[in-house]
Amino acid sequence: MSTQNLTNDEVDHIKQIFNQFDKNKNGSIDKKELYTLSIALNNQLSPAELQDFMSAFDKDNSSSISWEEFIDYWSSM
């Protein structure tokens, strides 16, 4: 996990977002939770867009986004 480009406050804020959408609290965001996130952000994703997002985040191809994958994605922005 690389957070070198983020302040502690930014990491805390990103963690809050992650936790908000990890509805079942299993430490990862699955495709259904990601879809719910997109609706909450008023940017509903099409099935193709949803797959693109999963591909961008899910580096280990587990069909879910771990905290490490989530923070690594935001750290690279």
# chains A, B, ... in the order shown; residues from 1 in each chain; ligands from 1
>>> select_by_dssp(residues="region 4-73 of chain A", states="strand (DSSP E or B)", output="list in words")
Ser28, Ile29, Asp30, Ser64, Ile65 and Ser66 of chain A
>>> residues_around(residues="Lys59 (chain A)", least_positions_apart="3", cutoff="10 Å", atoms="only C-alpha atoms", output="list in words")
Met54, Ser55, Ala56, Ser62, Ser63, Ser64, Ile65, Ser66, Glu68, Glu69, Phe70, Asp72 and Tyr73 of chain A
>>> residues_around(residues="Ser75 (chain A)", least_positions_apart="5", cutoff="8 Å", atoms="only C-alpha atoms", output="list in words")
Ser2, Thr3, Gln4, Asn5 and Leu6 of chain A
>>> write_last_selection(atoms="C-alpha atoms", output="CSV table (one decimal), in the first residue's frame")
chain,number,residue,atom,x,y,z
A,2,SER,CA,1.4,3.3,-1.1
A,3,THR,CA,0.1,6.5,0.5
A,4,GLN,CA,3.1,8.6,0.1
A,5,ASN,CA,1.3,11.1,-2.1
A,6,LEU,CA,-1.5,11.6,0.4
>>> select_by_dssp(residues="chain A", states="helix (DSSP H, G or I)", output="ChimeraX atom specification")
/A:8-21,31-40,47-57,67-75
>>> residues_around(residues="region 30-41 of chain A", least_positions_apart="2", cutoff="7 Å", atoms="only C-alpha atoms", output="ChimeraX atom specification")
/A:21-23,28,43-45,50,63-65
>>> closest_residue(among="A:Asp52, A:Ser46, A:Ile71, A:Asn61", to="Lys15 (chain A)", atoms="only C-alpha atoms")
A:Ile71
>>> closest_residue(among="A:Gln51, A:Gly27, A:Ile14, A:Thr7", to="Trp74 (chain A)", atoms="only C-alpha atoms")
A:Ile14
